[in-house]
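Engineer: My questions all concern the structure below.
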Amino acid sequence: MDIGFVGLGAMGRPMAALLGQSGHSVHGYDASPAVRDRAAGLQGVKLSETPAAAAAKAEVLFTCLPNNAVVRDVYLGPQGLAPALKPGSISVDCSTVGPSVTEEIAAALKPRQVHHMDASMLGSVPQAETGEIGFVVGGDPGAYDCIGPLLDILGRFRVHAGPPGAANRIKLIHQTLVAINAAAVAEAVGLCLATGTDLDCFYGVVKDGGGMAQSRYFERRVPRMRAGDFSPLFMLDFMAKDAGLARDLARDSGFPTPILDRALEIFRACQAEGWGAEDFSAVAHHYEALLGRGFADADS
């Protein structure tokens, strides 16, 4: 199959690589010369000069882009790829964007007989590299069946959520839990250290004790916090963006989200301190500042 792939960054490059390794012809593009250089030589991936060129031959086009404005411009802007998509093709946007953006693009592509899908991703760089992403997909059910074998190359889980935009709604609500949990975990670790509580014992109780405080995030990120390792698996900037979109969704519906609002304030304060390019577990720095020492200093 001829596949287009626009957006070859931290998530997109390993995804395009997996599709190319599976025997598909991938036509890739990224706006960054440095990113294009890193993608050069991937098996089965040929680099294109423009997004439209990557889309022109595609039976299925994937996009993996950073935000609402970029997604809208790549599809519908003056140099957008929409006119290049073939009738009967399918576009699959894996970006996390507002549902209204997906709905706008789907409506614009429908007269061209192109099915536009939102395929929101659950997971980060390690899952992209190993083909273990979870996909929540919105769009035409028949198109979902067509792209299913490709999603199975890229991921371990997929579900059809409804019409275009439905997947992004689920992803944004999902991210409210992730953002709140990240802040709550950092607060709990900070409280342990502030009160002289045995952090090793606390970690074991939460992880293995069978209580309701356990989460995958807690299990995986607390050891990294204690090691002072905030190298990005999913950047704090991206989590702040997702949490902001989730709050926009809530406000559009008239539903109050006081806990999310506070978590978003903390994430944005961390951005203001210059921690946005670190992993989103760097929300811990907010509590380290309150504590007066780093979490990694607890063992010294």
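Residue numbering restarts at 1 in every chain; chains get A, B, ... in the order shown in the structure tokens, and ligands count up from 1 in that same order.
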Compile the contact shell of A:Gly148 as a PyMOL selection string: residues with an atom at most 12 Å away, counting only C-alpha atoms, same-chain residues fewer than 5 positions apart removed.
Structural biologist: chain A and resi 60+90+92+117+119+135-137+141-143+153-160
Engineer: Take the selection from the previous step and output its residues with C-alpha atoms, as a PDB file, in the first residue's frame.
Structural biologist:
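Generated output (out-v1.pdb):
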```pdb
ATOM      1  CA  VAL A  60      -3.943   6.252   3.434  1.00  0.00           C
ATOM      2  CA  ILE A  90      -8.379   8.038   3.920  1.00  0.00           C
ATOM      3  CA  VAL A  92      -5.758   9.601   9.646  1.00  0.00           C
ATOM      4  CA  MET A 117     -10.350  10.098  10.823  1.00  0.00           C
ATOM      5  CA  ALA A 119      -6.871   8.450  15.644  1.00  0.00           C
ATOM      6  CA  PHE A 135      -5.604   4.063  19.203  1.00  0.00           C
ATOM      7  CA  VAL A 136      -9.006   5.630  19.771  1.00  0.00           C
ATOM      8  CA  VAL A 137     -10.490   6.320  16.341  1.00  0.00           C
ATOM      9  CA  PRO A 141     -16.887   2.748  10.237  1.00  0.00           C
ATOM     10  CA  GLY A 142     -15.964   1.375   6.806  1.00  0.00           C
ATOM     11  CA  ALA A 143     -12.831   3.521   6.695  1.00  0.00           C
ATOM     12  CA  ILE A 153       1.129  -2.759  12.878  1.00  0.00           C
ATOM     13  CA  LEU A 154       1.484   0.374  14.982  1.00  0.00           C
ATOM     14  CA  GLY A 155      -0.390  -0.565  18.109  1.00  0.00           C
ATOM     15  CA  ARG A 156      -1.666  -3.155  20.543  1.00  0.00           C
ATOM     16  CA  PHE A 157      -5.151  -1.711  21.039  1.00  0.00           C
ATOM     17  CA  ARG A 158      -7.732   0.039  18.869  1.00  0.00           C
ATOM     18  CA  VAL A 159     -11.348   0.991  19.270  1.00  0.00           C
ATOM     19  CA  HIS A 160     -13.847   2.864  17.119  1.00  0.00           C
TER      20      HIS A 160
END
```
Engineer: Considering only C-alpha atoms, return as a ChimeraX atom specification whatever protein or nucleic-acid residues lie within 12 Å of stretch 74-78 of chain A, sequence-local ones (same chain, fewer than 3 positions apart) excluded.
Structural biologist: /A:5-7,29-31,50-52,54-55,61-71,81-85,91-93,95,101-102,104-109,116
Engineer: Could you name the residues that touch A:Glu59 at 8 Å or less, counting only C-alpha atoms, but leaving out those on the same chain fewer than 6 positions away, as a list in words?
Structural biologist: Met1, Asp2, Ile3, Gly4, Lys86, Gly88, Ser89 and Ile90 of chain A
Engineer: Counting only C-alpha atoms, which residue out of A:Thr195, A:Leu18, A:Pro256, A:Ile180 sits closest to A:Leu151?
Structural biologist: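 For A:Leu151, the nearest of the given residues is A:Leu18.
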Engineer: Could you please determine the separation between atom CA of A:Phe234 and atom CA of A:Gln21 in Å, to one decimal place?
Structural biologist: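 Those two atoms sit 24.6 Å apart.
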Engineer: As number ranges by chain, please: every residue in stretch 42-166 of chain A that DSSP puts in strand (DSSP E or B).
Structural biologist: A: 45-47, 60-63, 90-93, 115-122, 133-138, 155-162
